[in-house]
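Q: Would you mind keeping the following structure in view while I ask a few things?
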Amino acid sequence: MARQFITFYIGEEWLGVDILLVTEVCHGVTPTPVDLCPDYVFGLMNLRGKIITVLDLACKLGLAGRSITPASRIIVLKSNAELARQNIHATLSNDPVGLLVDRVGDVLVVEEEHELEEAPAHLAGLDGYFVDRVVRVEHALMTVLRLPEVLVVTGEEPPTDVETDLNAGMDDKEAHSE
Amino acid sequence: MDATQKSQLDTFVWESREHLDLLEPALLRLQQEPANADLINGIFRAAHSIKGGAGFFGLTHIQELSHGLEHIMSRVRDGEASVTAELLDLLLAGVDKLRLMIDDPEASGQVDISNEMDGLRGAFDSARSPGAPVAAGEAEGFSGGDVVDLAPFHVTPEQVEDVAKKSLFVYRVRFFRVAGAPPVNYVAKMESVGVVLDAVTRMPDAPGAGSDAPDCEALFASVLQEDMIDIALEIPREHYESVSLEVLRAYLTEGGAERPAASVRCETSGTALVPAGRAERGAGGGKAEDTVRLPVSLLDDLMNLAGELVLGRNQLLMLSDQLSDRVNGFTPALRNIDRVATGLRDKVMSTRLQPLGNLFNRFKRVIRDLAAELNRQIELRIEGGEVELDKSLIELLSDPMTHLLRNSADHGIEPPGEREAQGKPPTGRITLSATHQGGRVFIRICDDGRGMDPERVRRKMVERGLARAEDVEGMSDRQVLKYVFMPGFSTAERVTGVSGRGVGMDVVKNNVEKMGGSVDLESRLGQGTCVTLCLPLTVAVAPAMIVGVRDRRFAIPQVHLEELVSLKGEMTLESVRGAPVIRLRGRLLPVVNVAEMLRIEGAERDGPQEGVPKRAQYVAVIKSNQDRFGLLLDQVMDEEEIVVKPLSDYVKPCPCYSGATVLGDGRIVLILDTAGIVNYAGLQFPDENSEVQARQEEEQRRRQTETQHLLLFRNAPNDLLAVNQELIARIEKIRAADIYTAAHMEFVNYKEDALRVIRLHEYLPVDAPSEPPEHYFMLVPKLVKKPMGILCRSVEDVLDWNVALDRDRVKGTGIMGSALLQDELTLFLDIYSLFEAVDPEVYKQEGEPQILRGKRILLAEDTLFFRTLVSQYLESLNCSVDVAQDGVEALDLLNRRSYDLLVTDLEMPGMDGFELTERVRASSRLHEMPVVALSSISKTRYLNRALAAGVDAYESKIDKEQLRITLERVLSASGASSGEMLGLPERTNGADLFDLDGMESETFSREYR
């Protein structure tokens, strides 16, 4: 059975997720930043009254730093409740989540299951932990992400010692600039 | 158990809970009205319904116990047993056990019910007169014979028609409930080969009595022939017989179809199982009401959508300026949507609200048990049960309130002997009351017991190391009582099983504060204690202040916000050991630099630049639990009603936020978590017990009672004006071009009528707008005789502010006084005197109010604003007015001086207007004093209570004209009857009385409507 993938780019990396897991692709929104959160939390976005947590995919995947351009998009994924309602057997996140990507590419239709290959042992720039399958299209390689792994809440405990905190906050302002 | 059975069981559980909720109050009422047949029947039915359901699911323990209850009630009903306290105890214990089992029906089989059953059996035996036959045969069972009796079954015409259409055979089947397997299993088996039209179970009549007859029956339709049934259903041939279609049809016409049958239902000895939510709801006489059960999550979704609709409406409103000129009929259509959207949101919000009465009634039982346990006589009075509160809050209130009631019963109310020795009635009274005031709900738990001894509290404070002896000396009694809420404090000299178990008032306080509320305690030695809980109406929507830090916006819940301090003037940020502080009324307040704490960066620019708000201009004073601290902010924007939404798992670990919300403009802001900030910022608080601070707190508290909602606006850029928001009905934006002149006056068309508009600079010492604007805002006051629109240039803000009003700095007609708000001198408008100046014809009092001239009036009112407003008005009527700030002060003045009339607010701290009136009526010297009650909310809710307390009339404090008429009426009435006895120096003459006759009947009809 043919599967469709929404593809997108983080830098030069060509990535994709199954279209069935995606609610919509948004652009032109500026998420509200959440200070003191783990770096990969980009902010909160209002999608018709629903609050969507936007994750910085580049940061989560350990790729190059975040930069917002007019081409940036937010891919909003279905929450577990929505998946269950639509009878899609997948587990993503309990909360509605959006992924910030540099730009989106075409929707890729993969006709045969065998076109989806196991990931090669060494994948340039991307941690194999996040890779589900790959698809070869001519000379390019599209990586299908393992979304459950991408969406894991890695609770970097925020530092609690205040004295040092406040001082540190004043010293390394550049480190946090967006 | 499959899903259908599970859902049936769930239905049984909540139905049974409803029955239990009705049983308890009904039993308690039975104590007072032991002969009330309706009540007895209600209890019987409720127990019976539970029994029926339990039998159906094979929950034998629930079934046995509810049967026991039912059985006793049947004896009571038939007059064979009388209602005694012992019997009620037994029944209540049974109800408790039932509740326990129904909470977890699947484990109910393990619950030991032998005590309860023995008790009930004992009561049953003693009730039975010797020699009388044991009640039996009520459920005679199945009476064979040729004629098939279908009596217990319910069938619908649809079912019968279906049977006829499909040519099914109908059988009456009897079967045994297999031990361990509920009949529902057997019914499922039958459903596999046919259709069960109805099923019933029968109970052995006496608890524990066995029976050889099959105990379940079903009306069963199937394609199977008669000789196949025994094989298919695995029952002996004699346990079923055929029912012909004719018999079935005949039964139908006899009335077997009166009630719609559930797909499967169960039934016992002849009495109907009452479906919950239908016409009758078991015991207690619950009122008939059409109800639908909805999951709360659905309501939340609706709430979200309604919020979105309001948002969409806002966007449309923004577009309307461009569209309204081009599209005909656009504005009215938009207005319509506006109204509908707002209405919808309000309605959806109200779905979360439930009356507090449900919770309050539960405490009747608590008090009854406590009274028995503690050997007290206690009467629980409940007032305001109709006041509504968010469902989730009501659930959270149960524990703190139980604790407070226990305290009242245990520590407050004295044993009867002790009470009598003190000249009190032997029965103590605990009053549980709820009132709704300004978007918050106040719950008061008052007792007339021994009260708290401040000296004892002082001693305890020192003993427990909560304060130093020298500090304690200087504290007022009121401050001392606050320490009751400190952790580790319990005044119980002895620890009883009832209270004093380590869970103290601090837990109550914490719980209430978690709900966004506050607790206050007043106590008078020998007279009683009163605890007031102040709660927000709903947790879902909360007022919050939107503030700005760099480019970020945050919301601070209004409940935690004490005041806003501007750093523009003399107030500056200081530094103590490197930590920022401000000096607020002589006290150091630690300040958290929010930008630094959250590590928010912004372009480092020096000095103010265009478009960039100045840094660190305000300090928001936050009170979180016991701690008070400041948050350093750049901007203060707006107050908004926000819908609190939970944070996602990704954001939850962040320590400083309690939620997020979507603002009216679609932006998301995070809600600051004040308690979290205290922890995260590791704030150190100065010595909490210092005397200075205690004094400040006292002052703070006093100031808080004078909070009012102000609407700030400008006529010209340099004059800031304020008016109490409660006096304004609407604010409309109008076009300058729509104002027209007629008869030397200016008008606009408003609500299909010509409304006169006035420009403030023509009447007040304020500037005119330098150039006429295109649009004006028009304030439309409410509750005035003939409304006029007040034009202004811009509406600035709506604020809750504690104002000290200066009445001398700026004086003049139409001005009440002035005050500094946000460092700007603000003029407070007196709408009444302004209107009087504008239109003396209408606003001048018709006829000189002779009757009020020279009368000495005492005004008791806690709010400065209304105190000023009403006293000025009364003075303008040539009365001499003394003011008291609360009931205590008023009573003191009444005792020392002589007055012609008492005008009192109903809601006041300390002694309220009700109590004040009661005391006046109880006093031998004052009891004929005319009393007029005032309320800011002119609703009939207080009317009865106020009349019961003994007031002569009840008026809204903002309707001046009506107030005058009422005062005149009351004075004239009392002048005729009691003036002499009170020794009033001034007499009212007969002419006045005559003049007022017409008005009197008019005001009466208005009041009692």
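Each chain in the structure tokens gets a letter, A, B and so on, in the order shown; residues start at 1 in every chain, and ligands are counted from 1 in the order they appear.
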Neighbouring residues of region 36-38 of chain A were defined as those with any atom within 6 Å, considering only C-alpha atoms; residues of the same chain fewer than 3 positions away were excluded. Please report them as a PDB file with N, CA and C atoms, in the first residue's frame.
A:
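Result written to around34.pdb:
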ATOM      1  N   VAL A  41      12.530  23.129  23.463  1.00  0.00           N
ATOM      2  CA  VAL A  41      11.166  23.688  23.457  1.00  0.00           C
ATOM      3  C   VAL A  41      11.250  25.088  22.859  1.00  0.00           C
TER       4      VAL A  41
ATOM      5  N   LEU B 598      14.233  34.717  34.643  1.00  0.00           N
ATOM      6  CA  LEU B 598      13.884  33.911  33.478  1.00  0.00           C
ATOM      7  C   LEU B 598      14.959  33.990  32.399  1.00  0.00           C
ATOM      8  N   CYS B 654       9.250  23.357  33.826  1.00  0.00           N
ATOM      9  CA  CYS B 654       9.726  24.712  34.096  1.00  0.00           C
ATOM     10  C   CYS B 654       9.098  25.204  35.393  1.00  0.00           C
TER      11      CYS B 654
END
Q: Any idea what's packed within 7 Å of region 59-63 of chain A, counting only C-alpha atoms, ignoring anything in its chain fewer than 6 positions away? Could you give it as an MDAnalysis selection string?
A: chainID A and resid 40 126 150
Q: Can you pull out the residues contacting region 112-119 of chain A? Cut-off 10 Å, using only C-alpha atoms, and skip same-chain residues under 6 positions away; I want them as JSON, numbers by chain.
A: {"A": [1, 2, 3, 128, 131, 132, 133, 134, 135, 136, 137, 142, 143, 144]}
Q: Could you list the residues in chain B lying within 10 Å of chain A, using only C-alpha atoms, and format the result as a count of residues only?
A: 48
Q: Taking only region 727-766 of chain B into account, list the residues labelled helix (DSSP H, G or I) by DSSP (computed from the backbone), as a ChimeraX atom specification.
A: /B:727,736-738,760-762
Q: Quick one: write out the picked residues with all heavy atoms as a PDB file, in the first residue's frame?
A:
ATOM      1  N   LEU B 727     -21.363  52.061  38.572  1.00  0.00           N
ATOM      2  CA  LEU B 727     -22.386  53.044  38.247  1.00  0.00           C
ATOM      3  C   LEU B 727     -22.605  53.149  36.740  1.00  0.00           C
ATOM      4  O   LEU B 727     -23.488  53.865  36.292  1.00  0.00           O
ATOM      5  CB  LEU B 727     -21.980  54.423  38.784  1.00  0.00           C
ATOM      6  CG  LEU B 727     -21.780  54.513  40.301  1.00  0.00           C
ATOM      7  CD1 LEU B 727     -21.265  55.866  40.689  1.00  0.00           C
ATOM      8  CD2 LEU B 727     -23.104  54.243  40.998  1.00  0.00           C
ATOM      9  N   ALA B 736     -18.564  61.367  16.243  1.00  0.00           N
ATOM     10  CA  ALA B 736     -18.863  62.764  16.538  1.00  0.00           C
ATOM     11  C   ALA B 736     -19.980  63.256  15.628  1.00  0.00           C
ATOM     12  O   ALA B 736     -20.817  64.072  16.018  1.00  0.00           O
ATOM     13  CB  ALA B 736     -17.613  63.618  16.367  1.00  0.00           C
ATOM     14  N   ALA B 737     -19.994  62.741  14.382  1.00  0.00           N
ATOM     15  CA  ALA B 737     -20.983  63.199  13.412  1.00  0.00           C
ATOM     16  C   ALA B 737     -22.399  62.798  13.812  1.00  0.00           C
ATOM     17  O   ALA B 737     -23.371  63.384  13.330  1.00  0.00           O
ATOM     18  CB  ALA B 737     -20.644  62.629  12.033  1.00  0.00           C
ATOM     19  N   ASP B 738     -22.527  61.791  14.679  1.00  0.00           N
ATOM     20  CA  ASP B 738     -23.857  61.330  15.063  1.00  0.00           C
ATOM     21  C   ASP B 738     -24.498  62.191  16.153  1.00  0.00           C
ATOM     22  O   ASP B 738     -25.653  61.985  16.513  1.00  0.00           O
ATOM     23  CB  ASP B 738     -23.784  59.876  15.554  1.00  0.00           C
ATOM     24  CG  ASP B 738     -23.522  58.932  14.399  1.00  0.00           C
ATOM     25  OD1 ASP B 738     -23.747  59.363  13.248  1.00  0.00           O
ATOM     26  OD2 ASP B 738     -23.089  57.800  14.640  1.00  0.00           O
ATOM     27  N   LEU B 760     -18.056  67.000  29.606  1.00  0.00           N
ATOM     28  CA  LEU B 760     -17.666  67.271  30.988  1.00  0.00           C
ATOM     29  C   LEU B 760     -17.088  68.670  31.185  1.00  0.00           C
ATOM     30  O   LEU B 760     -17.306  69.311  32.207  1.00  0.00           O
ATOM     31  CB  LEU B 760     -16.645  66.226  31.448  1.00  0.00           C
ATOM     32  CG  LEU B 760     -17.252  64.846  31.705  1.00  0.00           C
ATOM     33  CD1 LEU B 760     -16.158  63.847  32.031  1.00  0.00           C
ATOM     34  CD2 LEU B 760     -18.264  64.910  32.844  1.00  0.00           C
ATOM     35  N   HIS B 761     -16.363  69.181  30.165  1.00  0.00           N
ATOM     36  CA  HIS B 761     -15.701  70.474  30.381  1.00  0.00           C
ATOM     37  C   HIS B 761     -16.715  71.609  30.489  1.00  0.00           C
ATOM     38  O   HIS B 761     -16.377  72.711  30.885  1.00  0.00           O
ATOM     39  CB  HIS B 761     -14.697  70.744  29.267  1.00  0.00           C
ATOM     40  CG  HIS B 761     -15.279  70.594  27.886  1.00  0.00           C
ATOM     41  ND1 HIS B 761     -15.230  69.396  27.207  1.00  0.00           N
ATOM     42  CD2 HIS B 761     -15.934  71.456  27.099  1.00  0.00           C
ATOM     43  CE1 HIS B 761     -15.835  69.549  26.033  1.00  0.00           C
ATOM     44  NE2 HIS B 761     -16.265  70.793  25.942  1.00  0.00           N
ATOM     45  N   GLU B 762     -17.948  71.344  30.138  1.00  0.00           N
ATOM     46  CA  GLU B 762     -18.954  72.389  30.293  1.00  0.00           C
ATOM     47  C   GLU B 762     -19.476  72.483  31.723  1.00  0.00           C
ATOM     48  O   GLU B 762     -20.136  73.437  32.096  1.00  0.00           O
ATOM     49  CB  GLU B 762     -20.122  72.138  29.317  1.00  0.00           C
ATOM     50  CG  GLU B 762     -19.707  72.365  27.873  1.00  0.00           C
ATOM     51  CD  GLU B 762     -20.764  71.911  26.879  1.00  0.00           C
ATOM     52  OE1 GLU B 762     -21.880  71.589  27.310  1.00  0.00           O
ATOM     53  OE2 GLU B 762     -20.441  71.885  25.682  1.00  0.00           O
TER      54      GLU B 762
END
Q: Could you work out how far CA of Phe914 (chain B) lies from CA of Leu947 (chain B), giving the answer in Å with one decimal?
A: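 Taking CA of Leu947 (chain B) as the start and CA of Phe914 (chain B) as the end point, the length is 9.1 Å.
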Q: Return the single residue from A:Val29, A:Leu57, A:Ile19, A:Leu108 that is closest to Thr69 (chain A), with distances computed using only C-alpha atoms.
A: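 Counting only C-alpha atoms, the residue closest to Thr69 (chain A) is A:Val29.
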Q: Show me, as a VMD selection string, the residues that have an atom within 8 Å of Leu779 (chain B) when counting only C-alpha atoms, minus same-chain residues fewer than 2 positions from it.
A: chain B and resid 728 to 732 777 781 789 to 792
Q: Produce a file of the selected residues containing N, CA and C atoms, as a short mmCIF file (atom, residue, chain, number, x, y, z; two decimals), in the first residue's frame.
A:
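Listing of selection.cif after writing:
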data_model
loop_
_atom_site.label_atom_id
_atom_site.label_comp_id
_atom_site.auth_asym_id
_atom_site.auth_seq_id
_atom_site.Cartn_x
_atom_site.Cartn_y
_atom_site.Cartn_z
N ILE B 728 -21.78 52.48 35.97
CA ILE B 728 -21.85 52.62 34.51
C ILE B 728 -22.50 51.38 33.90
N ALA B 729 -23.53 51.60 33.13
CA ALA B 729 -24.22 50.47 32.51
C ALA B 729 -23.48 50.03 31.25
N ARG B 730 -23.10 50.98 30.41
CA ARG B 730 -22.47 50.63 29.15
C ARG B 730 -21.48 51.69 28.75
N ILE B 731 -20.52 51.28 27.95
CA ILE B 731 -19.63 52.24 27.28
C ILE B 731 -19.82 52.04 25.78
N GLU B 732 -20.18 53.10 25.10
CA GLU B 732 -20.42 52.98 23.66
C GLU B 732 -19.45 53.87 22.92
N PHE B 777 -16.13 58.28 23.26
CA PHE B 777 -16.72 57.19 24.04
C PHE B 777 -17.83 57.80 24.88
N PRO B 781 -24.64 55.91 32.41
CA PRO B 781 -24.78 55.50 33.81
C PRO B 781 -26.04 54.66 34.01
N GLY B 789 -25.76 60.54 28.52
CA GLY B 789 -24.48 59.98 28.16
C GLY B 789 -23.38 60.97 28.47
N ILE B 790 -22.30 60.47 29.08
CA ILE B 790 -21.17 61.35 29.37
C ILE B 790 -20.13 61.12 28.27
N LEU B 791 -19.78 62.16 27.57
CA LEU B 791 -18.82 62.01 26.48
C LEU B 791 -17.41 62.07 27.04
N CYS B 792 -16.55 61.21 26.51
CA CYS B 792 -15.16 61.37 26.85
C CYS B 792 -14.32 60.99 25.65
#
Q: Would you kindly return, as an MDAnalysis selection string, each protein, DNA or RNA residue with an atom no farther than 9 Å from any atom of Val25 (chain A), considering only C-alpha atoms and excluding same-chain residues fewer than 2 positions away?
A: chainID A and resid 22:23 27 73:77 98 104
